[in-house]
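Colleague: final_5.txt is reproduced below (compact mmCIF, C-alpha atoms and all ligand atoms).
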# COMPACT_ATOMS: atom_id res chain seq x y z
CA MET A 71 -15.83 0.45 15.24
CA PRO A 72 -12.07 -0.11 15.30
CA GLN A 73 -10.28 0.37 18.53
CA LEU A 74 -6.86 -0.91 19.59
CA SER A 75 -7.41 -3.99 21.73
CA GLU A 76 -6.17 -4.27 25.28
CA MET A 77 -3.65 -6.87 24.09
CA THR A 78 -2.12 -4.67 21.40
CA ARG A 79 -1.88 -1.69 23.72
CA LYS A 80 0.03 -3.85 26.16
CA LEU A 81 2.21 -5.36 23.43
CA HIS A 82 2.95 -2.22 21.52
CA PRO A 83 5.65 -0.44 23.48
CA ARG A 84 7.46 -3.58 24.59
CA TYR A 85 7.81 -5.92 21.66
CA GLY A 86 9.72 -6.15 18.42
CA PHE A 87 8.34 -6.12 14.89
CA GLU A 88 8.32 -9.93 14.57
CA THR A 89 6.38 -10.36 17.80
CA LEU A 90 3.82 -7.75 16.75
CA ALA A 91 3.48 -9.36 13.31
CA VAL A 92 2.46 -12.60 15.02
CA HIS A 93 0.40 -11.32 17.96
CA SER A 94 -1.06 -7.86 17.35
CA GLY A 95 -4.74 -7.71 16.45
CA SER A 96 -5.29 -11.44 16.73
CA PRO A 97 -5.60 -12.54 20.37
CA PRO A 98 -7.32 -15.84 21.23
CA ASP A 99 -11.04 -15.63 20.38
CA SER A 100 -12.83 -14.22 23.43
CA SER A 101 -15.83 -16.55 23.25
CA THR A 102 -14.28 -19.89 22.21
CA GLY A 103 -10.57 -19.55 22.94
CA ALA A 104 -9.78 -20.47 19.32
CA ARG A 105 -6.09 -19.62 18.90
CA SER A 106 -6.20 -19.04 15.16
CA PHE A 107 -8.31 -15.93 14.74
CA PRO A 108 -11.78 -17.02 13.50
CA ILE A 109 -13.31 -16.14 10.14
CA TYR A 110 -16.44 -14.24 11.19
CA GLN A 111 -18.36 -15.14 8.06
CA THR A 112 -21.43 -13.08 8.90
CA THR A 113 -23.20 -10.13 7.35
CA ALA A 114 -24.90 -8.74 10.46
CA TYR A 115 -24.77 -8.75 14.28
CA VAL A 116 -27.61 -9.00 16.82
CA PHE A 117 -28.23 -5.83 18.85
CA ASP A 118 -28.57 -6.16 22.66
CA ASP A 119 -31.70 -3.97 22.61
CA ALA A 120 -33.16 -0.94 20.86
CA ASP A 121 -31.02 1.53 22.83
CA HIS A 122 -27.84 -0.39 21.98
CA ALA A 123 -28.78 -0.35 18.30
CA ALA A 124 -29.52 3.39 18.38
CA SER A 125 -26.28 4.25 20.14
CA MET A 126 -24.24 2.27 17.60
CA PHE A 127 -26.00 3.92 14.66
CA ASN A 128 -25.22 7.29 16.31
CA LEU A 129 -21.54 6.25 16.63
CA GLN A 130 -21.86 6.61 20.40
CA ALA A 131 -20.97 3.00 21.21
CA PRO A 132 -18.38 0.70 19.63
CA GLY A 133 -19.59 -2.56 18.12
CA PHE A 134 -20.56 -4.34 14.95
CA ILE A 135 -23.65 -3.52 12.86
CA TYR A 136 -23.18 -4.76 9.30
CA SER A 137 -20.09 -6.17 7.56
CA ARG A 138 -20.00 -3.46 4.89
CA LEU A 139 -18.88 -1.16 7.73
CA THR A 140 -17.01 -3.44 10.13
CA ASN A 141 -16.38 -7.13 10.72
CA PRO A 142 -14.31 -8.71 13.52
CA THR A 143 -11.91 -10.59 11.20
CA VAL A 144 -11.41 -7.50 9.06
CA ALA A 145 -10.93 -5.42 12.24
CA ALA A 146 -8.22 -7.83 13.41
CA LEU A 147 -6.33 -7.21 10.16
CA GLU A 148 -6.84 -3.45 10.49
CA GLU A 149 -5.34 -3.54 13.94
CA LYS A 150 -2.41 -5.78 12.99
CA LEU A 151 -1.36 -3.62 10.04
CA ALA A 152 -1.96 -0.30 11.82
CA THR A 153 0.27 -1.58 14.62
CA LEU A 154 3.08 -2.63 12.26
CA GLU A 155 3.03 0.75 10.52
CA GLY A 156 2.92 2.59 13.84
CA GLY A 157 -0.45 4.13 12.94
CA ARG A 158 -3.50 4.98 15.02
CA GLY A 159 -6.14 3.11 13.00
CA GLY A 160 -6.74 1.34 9.73
CA THR A 161 -9.51 0.76 7.20
CA VAL A 162 -9.28 -2.42 5.15
CA ALA A 163 -10.67 -2.35 1.60
CA SER A 164 -11.45 -4.85 -1.14
CA SER A 165 -8.28 -4.01 -3.11
CA GLY A 166 -5.32 -1.67 -3.20
CA HIS A 167 -7.11 0.62 -5.63
CA ALA A 168 -10.11 0.75 -3.33
CA ALA A 169 -7.75 1.73 -0.50
CA GLU A 170 -6.33 4.59 -2.58
CA THR A 171 -9.86 5.88 -3.13
CA LEU A 172 -10.63 5.50 0.59
CA ALA A 173 -7.50 7.51 1.38
CA LEU A 174 -8.58 10.42 -0.83
CA PHE A 175 -12.37 10.34 -0.35
CA PRO A 176 -12.50 12.24 2.98
CA LEU A 177 -10.06 14.85 1.62
CA MET A 178 -11.25 15.57 -1.91
CA SER A 179 -14.26 17.22 -3.52
CA PRO A 180 -14.96 18.33 -7.10
CA GLY A 181 -12.36 20.82 -8.36
CA MET A 182 -9.76 19.87 -5.77
CA GLU A 183 -6.25 18.65 -6.60
CA VAL A 184 -3.90 15.88 -5.50
CA ILE A 185 -0.20 16.15 -6.38
CA VAL A 186 1.09 12.76 -7.52
CA SER A 187 4.51 11.31 -8.30
CA ASN A 188 4.94 10.39 -11.98
CA LYS A 189 6.67 7.12 -11.03
CA LEU A 190 3.84 4.95 -9.76
CA TYR A 191 2.19 1.63 -10.38
CA GLY A 192 0.56 1.95 -13.84
CA GLY A 193 -2.92 1.17 -12.49
CA THR A 194 -2.65 4.05 -10.05
CA ILE A 195 -1.63 6.45 -12.81
CA ASN A 196 -4.75 5.43 -14.74
CA LEU A 197 -7.04 5.63 -11.72
CA MET A 198 -5.80 9.06 -10.71
CA GLY A 199 -5.23 10.51 -14.17
CA LYS A 200 -8.43 9.32 -15.81
CA SER A 201 -11.13 7.86 -13.58
CA TYR A 202 -10.83 10.43 -10.79
CA ARG A 203 -11.52 13.14 -13.37
CA LYS A 204 -15.06 11.81 -13.51
CA PHE A 205 -15.39 12.77 -9.83
CA GLY A 206 -13.94 16.19 -10.60
CA TRP A 207 -10.73 15.28 -8.75
CA LYS A 208 -7.62 16.50 -10.51
CA ALA A 209 -4.30 14.63 -10.25
CA ILE A 210 -1.22 16.71 -11.06
CA PHE A 211 1.76 14.48 -11.95
CA VAL A 212 5.23 15.74 -11.09
CA ASP A 213 8.82 14.46 -11.24
CA ASN A 214 9.22 11.90 -8.45
CA ASP A 215 12.91 12.75 -8.07
CA ASP A 216 12.49 16.48 -7.47
CA PRO A 217 10.80 17.56 -4.20
CA ASP A 218 10.77 21.15 -5.49
CA ALA A 219 8.54 20.01 -8.38
CA PHE A 220 5.93 19.08 -5.77
CA ARG A 221 6.28 22.48 -4.12
CA ALA A 222 6.00 24.28 -7.47
CA VAL A 223 2.46 23.04 -8.18
CA LEU A 224 0.96 23.62 -4.73
CA SER A 225 -2.20 25.70 -4.86
CA GLU A 226 -5.23 26.69 -2.81
CA LYS A 227 -6.91 23.61 -4.25
CA THR A 228 -4.24 21.09 -3.17
CA ARG A 229 -5.74 18.57 -0.76
CA ALA A 230 -3.04 15.85 -0.63
CA ILE A 231 0.30 14.65 -1.97
CA PHE A 232 0.62 11.01 -3.07
CA VAL A 233 3.84 9.01 -3.62
CA GLU A 234 5.11 5.41 -3.44
CA SER A 235 7.94 4.77 -0.96
CA LEU A 236 9.52 2.25 -3.36
CA ALA A 237 7.87 2.62 -6.74
CA ASN A 238 6.47 -0.21 -8.83
CA PRO A 239 8.00 -1.28 -11.18
CA GLY A 240 11.32 0.53 -11.50
CA GLY A 241 13.11 0.11 -8.15
CA VAL A 242 12.73 3.87 -7.62
CA VAL A 243 12.95 5.34 -4.11
CA VAL A 244 11.33 8.63 -3.18
CA ASP A 245 12.86 11.22 -0.86
CA LEU A 246 10.14 10.82 1.77
CA GLU A 247 11.48 13.30 4.29
CA ALA A 248 11.86 16.09 1.73
CA ILE A 249 8.38 15.55 0.32
CA ALA A 250 6.87 15.30 3.82
CA LYS A 251 8.37 18.73 4.46
CA VAL A 252 6.62 20.15 1.37
CA ALA A 253 3.32 18.65 2.58
CA GLN A 254 3.83 20.01 6.07
CA GLU A 255 4.57 23.53 4.82
CA ALA A 256 1.44 23.41 2.66
CA GLU A 257 -0.59 21.92 5.54
CA VAL A 258 -1.85 19.01 3.44
CA PRO A 259 -1.46 15.31 4.25
CA LEU A 260 1.21 13.17 2.61
CA ILE A 261 -0.15 9.79 1.49
CA VAL A 262 2.44 7.05 0.89
CA ASP A 263 1.74 3.81 -0.97
CA ASN A 264 4.02 1.41 0.94
CA THR A 265 3.03 -1.76 -0.96
CA MET A 266 6.43 -2.67 -2.38
CA ALA A 267 8.45 -1.94 0.74
CA THR A 268 6.00 -3.23 3.38
CA PRO A 269 6.38 -1.98 6.97
CA TRP A 270 9.18 -4.52 7.48
CA ILE A 271 11.40 -2.36 5.26
CA CYS A 272 9.93 1.13 5.53
CA ARG A 273 7.59 2.86 7.98
CA PRO A 274 6.61 6.12 6.25
CA PHE A 275 5.11 7.62 9.43
CA GLU A 276 8.64 7.77 10.85
CA TRP A 277 9.52 10.13 7.97
CA GLY A 278 6.52 12.44 8.26
CA ALA A 279 3.78 10.74 6.20
CA ASP A 280 0.20 11.20 7.42
CA LEU A 281 -1.56 8.30 5.69
CA VAL A 282 -0.20 4.99 4.37
CA VAL A 283 -1.94 2.81 1.80
CA HIS A 284 -1.21 -0.77 0.80
CA SER A 285 -2.29 -3.25 -1.75
CA THR A 286 -2.36 -6.18 0.72
CA THR A 287 -2.74 -8.34 -2.40
CA LYS A 288 1.04 -8.35 -2.69
CA PHE A 289 3.63 -9.08 0.04
CA LEU A 290 1.28 -8.73 3.01
CA SER A 291 -0.94 -11.68 2.08
CA GLY A 292 2.15 -12.97 0.33
CA GLN A 293 0.97 -15.97 -1.66
CA GLY A 294 -0.97 -14.46 -4.53
CA ASN A 295 -4.34 -15.68 -3.27
CA ALA A 296 -6.25 -12.77 -1.69
CA MET A 297 -7.06 -9.32 -3.09
CA GLY A 298 -7.11 -6.52 -0.56
CA GLY A 299 -5.99 -3.08 0.51
CA ILE A 300 -5.78 -0.86 3.55
CA VAL A 301 -5.46 2.82 4.43
CA ILE A 302 -3.73 3.50 7.74
CA ASP A 303 -3.91 6.84 9.53
CA SER A 304 -1.04 8.12 11.65
CA GLY A 305 -3.58 10.03 13.75
CA ARG A 306 -1.34 13.08 13.62
CA PHE A 307 -2.82 15.38 10.98
CA PRO A 308 -4.66 18.36 12.55
CA TRP A 309 -8.09 18.10 10.90
CA LEU A 310 -9.86 19.98 13.68
CA GLY A 311 -10.94 23.46 12.57
CA ASN A 312 -9.28 22.99 9.15
CA VAL A 313 -11.64 24.45 6.53
CA LYS A 314 -9.93 22.50 3.74
CA TYR A 315 -11.31 19.23 5.09
CA PRO A 316 -15.02 19.84 5.86
CA SER A 317 -15.82 16.09 5.88
CA LEU A 318 -13.77 15.82 9.06
CA SER A 319 -13.87 19.34 10.47
CA GLU A 320 -17.55 20.31 10.02
CA PRO A 321 -20.73 18.81 11.51
CA CYS A 322 -21.93 15.67 9.71
CA PRO A 323 -25.72 15.72 9.24
CA ASP A 324 -25.86 11.90 8.88
CA TYR A 325 -24.78 11.47 12.48
CA ASN A 326 -26.78 14.11 14.40
CA GLY A 327 -24.35 16.85 13.44
CA LEU A 328 -21.30 15.38 15.17
CA THR A 329 -17.92 16.63 13.95
CA PHE A 330 -15.57 13.71 13.36
CA ALA A 331 -12.40 15.61 14.26
CA GLU A 332 -13.91 16.92 17.47
CA THR A 333 -15.66 13.76 18.66
CA PHE A 334 -13.03 11.19 17.66
CA GLY A 335 -9.76 13.12 17.75
CA ASP A 336 -6.92 11.03 16.35
CA LEU A 337 -9.38 8.32 15.21
CA ALA A 338 -11.42 10.80 13.13
CA PHE A 339 -10.10 9.72 9.73
CA THR A 340 -10.48 6.01 10.50
CA LEU A 341 -14.00 6.33 11.90
CA TYR A 342 -15.10 8.49 8.96
CA SER A 343 -13.66 5.86 6.61
CA HIS A 344 -15.89 3.18 8.13
CA ALA A 345 -18.99 5.22 8.97
CA VAL A 346 -19.16 7.16 5.69
CA SER A 347 -16.63 5.97 3.06
CA LEU A 348 -17.19 2.21 3.41
CA ARG A 349 -20.88 2.71 4.16
CA ASP A 350 -21.39 4.55 0.86
CA LEU A 351 -18.67 3.25 -1.48
CA GLY A 352 -19.10 -0.34 -0.29
CA CYS A 353 -15.58 -1.51 -1.16
CA SER A 354 -15.29 -3.71 1.93
CA GLN A 355 -13.16 -6.84 2.14
CA SER A 356 -14.53 -10.34 2.68
CA PRO A 357 -13.76 -11.93 6.08
CA MET A 358 -12.16 -14.86 4.23
CA ASN A 359 -9.63 -12.62 2.48
CA ALA A 360 -8.93 -10.76 5.70
CA TRP A 361 -8.19 -14.10 7.39
CA ILE A 362 -5.83 -15.21 4.62
CA THR A 363 -4.01 -11.89 4.91
CA LEU A 364 -3.87 -12.08 8.72
CA ASN A 365 -2.05 -15.39 8.37
CA GLY A 366 0.21 -13.97 5.70
CA VAL A 367 1.33 -11.04 7.82
CA GLU A 368 2.40 -13.37 10.66
CA THR A 369 5.30 -14.57 8.46
CA LEU A 370 6.01 -11.23 6.76
CA PRO A 371 9.43 -10.64 8.41
CA LEU A 372 10.73 -14.11 7.51
CA ARG A 373 9.43 -13.94 3.97
CA MET A 374 10.70 -10.43 3.29
CA GLU A 375 14.16 -11.31 4.50
CA ARG A 376 14.36 -14.15 1.97
CA HIS A 377 12.67 -12.11 -0.81
CA VAL A 378 15.31 -9.41 -0.42
CA GLU A 379 18.24 -11.85 -0.20
CA ASN A 380 17.13 -13.67 -3.35
CA ALA A 381 16.46 -10.42 -5.23
CA MET A 382 19.95 -9.18 -4.44
CA GLU A 383 21.55 -12.36 -5.80
CA VAL A 384 19.46 -12.34 -8.98
CA ALA A 385 20.11 -8.61 -9.53
CA ARG A 386 23.88 -9.14 -9.20
CA PHE A 387 23.74 -12.01 -11.69
CA LEU A 388 21.79 -9.96 -14.24
CA GLN A 389 24.07 -6.95 -13.81
CA GLY A 390 27.00 -9.09 -14.93
CA HIS A 391 25.23 -10.65 -17.93
CA GLU A 392 26.09 -9.58 -21.50
CA ALA A 393 22.49 -9.77 -22.77
CA VAL A 394 21.39 -7.31 -20.11
CA GLU A 395 21.71 -3.61 -20.79
CA TRP A 396 20.95 -2.33 -17.30
CA VAL A 397 19.46 -3.39 -13.96
CA SER A 398 17.36 -0.97 -11.95
CA TYR A 399 17.49 -2.24 -8.38
CA ALA A 400 18.07 0.17 -5.54
CA GLY A 401 19.91 -2.56 -3.62
CA LEU A 402 22.82 -2.30 -6.09
CA SER A 403 25.40 0.42 -5.55
CA SER A 404 25.11 1.26 -9.27
CA SER A 405 21.53 2.48 -8.73
CA PRO A 406 20.98 6.25 -8.57
CA TYR A 407 18.53 5.47 -5.75
CA HIS A 408 21.02 3.49 -3.65
CA GLN A 409 21.65 6.31 -1.15
CA LEU A 410 17.91 6.91 -0.68
CA ALA A 411 17.44 3.15 -0.24
CA LYS A 412 20.07 3.17 2.50
CA LYS A 413 18.31 6.02 4.25
CA TYR A 414 14.67 4.96 3.93
CA LEU A 415 14.81 1.19 3.32
CA GLU A 416 17.79 0.16 5.45
CA GLY A 417 19.37 -0.85 2.13
CA LYS A 418 16.72 -3.55 1.63
CA ALA A 419 15.27 -2.58 -1.71
CA GLY A 420 12.45 -5.14 -1.84
CA SER A 421 12.18 -7.94 -4.36
CA VAL A 422 10.59 -6.26 -7.37
CA PHE A 423 12.86 -4.66 -9.92
CA THR A 424 13.35 -4.15 -13.62
CA PHE A 425 16.10 -4.80 -16.11
CA GLY A 426 16.60 -3.79 -19.72
CA ILE A 427 17.19 -6.50 -22.25
CA ARG A 428 19.34 -6.03 -25.34
CA GLY A 429 17.17 -6.28 -28.44
CA GLY A 430 14.16 -4.46 -26.97
CA TYR A 431 10.54 -5.56 -27.31
CA GLU A 432 11.18 -8.79 -29.25
CA SER A 433 13.89 -10.06 -26.89
CA GLY A 434 11.63 -9.22 -23.96
CA LEU A 435 8.87 -11.43 -25.27
CA ARG A 436 11.39 -14.25 -25.98
CA ILE A 437 12.57 -14.27 -22.37
CA LEU A 438 8.98 -14.57 -21.14
CA GLU A 439 8.50 -17.60 -23.35
CA ASN A 440 11.75 -19.29 -22.36
CA VAL A 441 11.72 -19.11 -18.57
CA GLU A 442 10.48 -22.22 -16.78
CA LEU A 443 10.33 -21.44 -13.05
CA PHE A 444 9.16 -17.86 -13.44
CA SER A 445 5.41 -17.42 -14.02
CA HIS A 446 4.31 -14.86 -16.59
CA VAL A 447 1.86 -13.06 -14.36
CA ALA A 448 0.59 -9.51 -13.76
CA ASN A 449 1.26 -9.60 -10.05
CA ILE A 450 4.05 -9.09 -7.53
CA GLY A 451 4.78 -10.24 -3.99
CA ASP A 452 4.12 -13.96 -4.38
CA THR A 453 6.06 -16.90 -2.90
CA ARG A 454 6.65 -17.82 -6.56
CA SER A 455 8.94 -15.78 -8.79
CA LEU A 456 7.03 -13.79 -11.39
CA ILE A 457 8.05 -12.16 -14.65
CA LEU A 458 6.31 -9.50 -16.70
CA HIS A 459 6.82 -7.20 -19.67
CA PRO A 460 5.11 -3.99 -18.42
CA ALA A 461 4.91 -2.24 -21.81
CA SER A 462 2.73 -5.01 -23.26
CA THR A 463 0.64 -5.66 -20.12
CA THR A 464 0.17 -3.60 -16.92
CA HIS A 465 1.39 -0.35 -18.44
CA ARG A 466 -0.07 -0.74 -21.94
CA GLN A 467 -2.75 1.93 -21.38
CA LEU A 468 -0.05 4.54 -20.82
CA ASN A 469 1.28 6.72 -23.63
CA GLU A 470 4.97 6.69 -24.59
CA GLU A 471 5.90 9.61 -22.36
CA GLN A 472 4.15 8.04 -19.37
CA LEU A 473 5.80 4.67 -20.14
CA LEU A 474 9.25 6.19 -20.01
CA ALA A 475 8.46 8.26 -16.91
CA ALA A 476 7.16 5.13 -15.17
CA GLY A 477 10.32 3.20 -16.12
CA ALA A 478 8.37 0.84 -18.37
CA GLY A 479 9.90 1.28 -21.84
CA PRO A 480 9.78 -1.45 -24.53
CA GLU A 481 13.03 -3.19 -23.39
CA VAL A 482 11.97 -3.39 -19.75
CA ILE A 483 11.32 -6.67 -17.93
CA ARG A 484 9.95 -6.70 -14.41
CA LEU A 485 10.76 -9.46 -11.94
CA SER A 486 9.15 -10.20 -8.61
CA ILE A 487 11.60 -12.52 -6.91
CA GLY A 488 10.00 -15.26 -4.82
CA LEU A 489 11.14 -17.68 -2.17
CA GLU A 490 12.67 -20.44 -4.29
CA SER A 491 16.38 -21.40 -4.14
CA SER A 492 18.22 -18.43 -5.61
CA ALA A 493 20.56 -20.75 -7.55
CA ASP A 494 17.54 -22.21 -9.39
CA LEU A 495 16.22 -18.76 -10.28
CA ILE A 496 19.62 -17.69 -11.60
CA ALA A 497 19.95 -20.89 -13.63
CA ASP A 498 16.48 -20.39 -15.12
CA LEU A 499 17.14 -16.78 -16.16
CA GLY A 500 20.57 -17.84 -17.44
CA GLN A 501 19.17 -20.44 -19.80
CA ALA A 502 16.45 -18.05 -21.03
CA LEU A 503 19.03 -15.32 -21.72
CA ALA A 504 21.30 -17.81 -23.47
CA SER A 505 18.48 -18.57 -25.91
CA LEU A 506 18.55 -15.02 -27.32
C1 LIG A 601 -0.90 -3.68 -7.05
C2 LIG A 601 -0.67 -2.32 -6.59
C3 LIG A 601 -1.74 -1.43 -6.36
C4 LIG A 601 -3.17 -1.82 -6.63
O1 LIG A 601 -3.57 -2.82 -5.75
P1 LIG A 601 -4.72 -3.90 -6.11
O2 LIG A 601 -4.78 -4.72 -4.87
O3 LIG A 601 -4.26 -4.66 -7.31
O4 LIG A 601 -5.96 -3.12 -6.38
C5 LIG A 601 -1.45 -0.17 -5.89
N1 LIG A 601 -0.18 0.22 -5.65
C6 LIG A 601 0.87 -0.60 -5.86
C7 LIG A 601 2.25 -0.11 -5.59
C8 LIG A 601 0.66 -1.89 -6.33
O5 LIG A 601 1.72 -2.69 -6.54
Represent the structure of the file as structure tokens.

Modeller:
Amino acid sequence: MPQLSEMTRKLHPRYGFETLAVHSGSPPDSSTGARSFPIYQTTAYVFDDADHAASMFNLQAPGFIYSRLTNPTVAALEEKLATLEGGRGGTVASSGHAAETLALFPLMSPGMEVIVSNKLYGGTINLMGKSYRKFGWKAIFVDNDDPDAFRAVLSEKTRAIFVESLANPGGVVVDLEAIAKVAQEAEVPLIVDNTMATPWICRPFEWGADLVVHSTTKFLSGQGNAMGGIVIDSGRFPWLGNVKYPSLSEPCPDYNGLTFAETFGDLAFTLYSHAVSLRDLGCSQSPMNAWITLNGVETLPLRMERHVENAMEVARFLQGHEAVEWVSYAGLSSSPYHQLAKKYLEGKAGSVFTFGIRGGYESGLRILENVELFSHVANIGDTRSLILHPASTTHRQLNEEQLLAAGAGPEVIRLSIGLESSADLIADLGQALASL
């Protein structure tokens, strides 16, 4: 079961973000000395003896049983990311969507409600708005830009609030502190999807969030080659004795009647996520993907710095172009979210943003066909620059009202700016726009 290693505990208070990105969670291998953290490509682990096996199955001893629950390479990634977010523990999942479900699973039950921002990644809107209904979980969508709208729909059935720190795709920033206050007053956890910002730009726990989720598929792995997700727990929410959250606050018959909140304290959520959520839902990540992502995170600070620099230059270019109607990038002072970006993102508004093209849908499709360096891909957070027309792809299952709310109208183009020379990216977009 996950536990912060000796090395991370020693590193944590003393070192900077870049040092932790490289070292936390991945010390030299204890049995071989291998400096690159090994890929533990194994399903199961030999027990010392019958008592050892029994104590692990009772959650009385830490250790590895079966890779659906825990795996050393996956645990290294959990520790690295939990450290960078400033959290207590993490649970890695097979994808970002799986991580969202892991975040809600211990909190929800049929008939219960989660209050959700209306400006989210389109896939999340679908998952929450449609598929969760089959579990009896109800998502209530409210205006992202109005903290009072969150407060207005609180009820006895509310079990969580869910927002994105920097929303995909529109370059929208949420007022984290104000929404954390609503959650705190209602005594429900605030869950923040921090995929687009990454902990290099924003650490939601510093603003009052209780749980953070990521699609590690994006900037964390960083090269568009490994699906994954994680839920990270701050360890601060008071589950103990809280009747709203019986999974954590009442005895669990599977494990001899132990109460997670009582036995594991600030690791309760993380241990439940492994011992029950991953055990039963089975959305665990392969050791290979965890290893790819571990390597990716080591260079996160360097990559993000360049992603943001390039995005700023491209956004400025587009803002001055006659074929462009508007640019929605919180790094620009023209953005209504610029002040929030200064407060929560240190002014670094990530590298994914949208712009509106004159001529609407048809012009949008023409641009996609005419760019050369940009790949037409339904992804973000790659070394390569990516381009997408949300209305005809990722957001096409949404109705017109949802499209507009999500900032994905017919004229909208989304860019994920990569690590190429910014002059080449600007030249490529310039020639594509000139073809209109
Ligand atoms: C991509 C994405 C997800 C979903 O993650 P997958 O790894 O594709 O399942 C969730 N939230 C945001 C903000 C995303 O960009």

Colleague: Can you tell me how far CA of Ser187 (chain A) sits from CA of Met382 (chain A), in Å to one decimal?

Modeller: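 The value is 25.9 Å.
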
Colleague: What is the distance, in Å and to one decimal place, between CA of Asn326 (chain A) and CA of Gly181 (chain A)?

Modeller: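 Interatomic distance, CA of Asn326 (chain A) to CA of Gly181 (chain A): 27.8 Å.
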
Colleague: If I put a ball of radius 8 Å at (2.4, 11.7, 0.8) in the file's coordinates, which residues poke into it when counting all atoms listed in the file, written as a PyMOL selection string?

Modeller: chain A and resi 230-233+246+249-250+253+259-262+279-281

Colleague: Taking into account only C-alpha atoms, which residue in the set A:Ala411, A:Val283, A:Leu443, A:Cys322 is nearest to Gly157 (chain A)?

Modeller: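 For Gly157 (chain A), the nearest of the candidates is A:Val283.
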
Colleague: Using CA of Gly327 (chain A) and CA of Phe117 (chain A) as the two end points, give the distance in Å to one decimal.

Modeller: 23.6 Å

Colleague: With 6 Å as the cut-off and only C-alpha atoms counted, what is the closest atom pair between each nearby residue of region 118-184 of chain A and region 332-356 of chain A? Distances in Å to one decimal, ordered by chain and number, as JSON lines.

Modeller:
{"residue": "A:Arg138", "atom": "CA", "partner": "A:Ser354", "partner_atom": "CA", "distance": 5.6}
{"residue": "A:Leu139", "atom": "CA", "partner": "A:His344", "partner_atom": "CA", "distance": 5.3}
{"residue": "A:Gly159", "atom": "CA", "partner": "A:Thr340", "partner_atom": "CA", "distance": 5.8}
{"residue": "A:Ala163", "atom": "CA", "partner": "A:Ser354", "partner_atom": "CA", "distance": 4.8}
{"residue": "A:Ser164", "atom": "CA", "partner": "A:Gln355", "partner_atom": "CA", "distance": 4.2}

Colleague: Kindly provide, as JSON, numbers by chain, all nucleotide and amino acid residues lying within 10 Å of ligand LIG 601 (chain A), counting only C-alpha atoms and all ligand atoms.

Modeller: {"A": [163, 164, 165, 166, 167, 168, 169, 170, 190, 191, 192, 193, 194, 195, 197, 233, 234, 235, 236, 237, 238, 239, 262, 263, 264, 265, 266, 267, 283, 284, 285, 286, 287, 288, 289, 296, 297, 298, 299, 300, 422, 448, 449, 450, 451, 464]}

Colleague: Tell me which of A:Arg373, A:His82, A:Arg203, A:His465 sits closest to Gln293 (chain A), counting all atoms listed in the file.

Modeller: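 Closest to Gln293 (chain A), using all atoms listed in the file: A:Arg373.
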
Colleague: Give as a PyMOL selection string each residue that has an atom at most 12 Å from (-18.5, -11.2, 9.1) in the file, counting all atoms listed in the file.

Modeller: chain A and resi 108-115+134-146+354-361

Colleague: Counting only C-alpha atoms, figure out which residue out of A:Lys314, A:Lys200, A:Arg84, A:His391 gets nearest to Ser225 (chain A).

Modeller: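 Under the stated criterion, the closest residue is A:Lys314.
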
Colleague: Find the smallest box with edges along x, y and z containing every listed atom of region 164-167 of chain A, then add 6 Å on each side and report centre and edge lengths in Å to one decimal, as lines of an AutoDock Vina configuration file.

Modeller:
center_x = -8.4
center_y = -2.1
center_z = -3.4
size_x = 18.1
size_y = 17.5
size_z = 16.5

Colleague: Just the residues within 10 Å of Gln130 (chain A), please, counting all atoms listed in the file, with nothing from its chain fewer than 4 positions along; format it as a PyMOL selection string.

Modeller: chain A and resi 122+124-126+325+333

Colleague: Those same residues - C-alpha atoms - I'd like them written as a compact mmCIF listing (two decimals), keeping the file's coordinate frame.

Modeller:
# COMPACT_ATOMS: atom_id res chain seq x y z
CA HIS A 122 -27.84 -0.39 21.98
CA ALA A 124 -29.52 3.39 18.38
CA SER A 125 -26.28 4.25 20.14
CA MET A 126 -24.24 2.27 17.60
CA TYR A 325 -24.78 11.47 12.48
CA THR A 333 -15.66 13.76 18.66

Colleague: Write out as a PDB file with C-alpha atoms, keeping the file's coordinate frame each polymer residue whose atoms come within 8 Å of Phe87 (chain A), counting only C-alpha atoms; drop sequence neighbours fewer than 5 positions from it.

Modeller:
ATOM      1  CA  LEU A 154       3.080  -2.630  12.260  1.00  0.00           C
ATOM      2  CA  TRP A 270       9.180  -4.520   7.480  1.00  0.00           C
ATOM      3  CA  PRO A 371       9.430 -10.640   8.410  1.00  0.00           C
TER       4      PRO A 371
END

Colleague: Kindly indicate which residue among A:Val243, A:Phe387, A:Gln472, A:Glu226 lies nearest to Ser405 (chain A), using only C-alpha atoms for the distances.

Modeller: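 Closest to Ser405 (chain A), using only C-alpha atoms: A:Val243.
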
Colleague: Within 7 Å of Lys189 (chain A), counting only C-alpha atoms, which residues show up once you throw out same-chain ones fewer than 3 positions away? Write them as a VMD selection string, please.

Modeller: chain A and resid 214 237 475 to 476

Colleague: May I ask which of the residues A:Ser94, A:Ser179, A:Ser317, A:Thr268 is the closest one to Lys204 (chain A), counting all atoms listed in the file?

Modeller: A:Ser179

Colleague: I need the residue nearest Ser96 (chain A) from this list: A:Val482, A:Cys272, A:Leu151, A:Leu435. Use all atoms listed in the file for the distance.

Modeller: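 For Ser96 (chain A), the nearest of the given residues is A:Leu151.
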
Colleague: Which residues are near Phe211 (chain A)? Cut-off 8 Å, only C-alpha atoms, ignore same chain within fewer than 3 positions. Put them as a PyMOL selection string.

Modeller: chain A and resi 185-188

Colleague: Could you give me, as an NGL selection string, the residues within 8 Å of Pro217 (chain A), counting only C-alpha atoms and dropping anything in the same chain fewer than 6 positions from it?

Modeller: :A and (245 or 248-249 or 252)
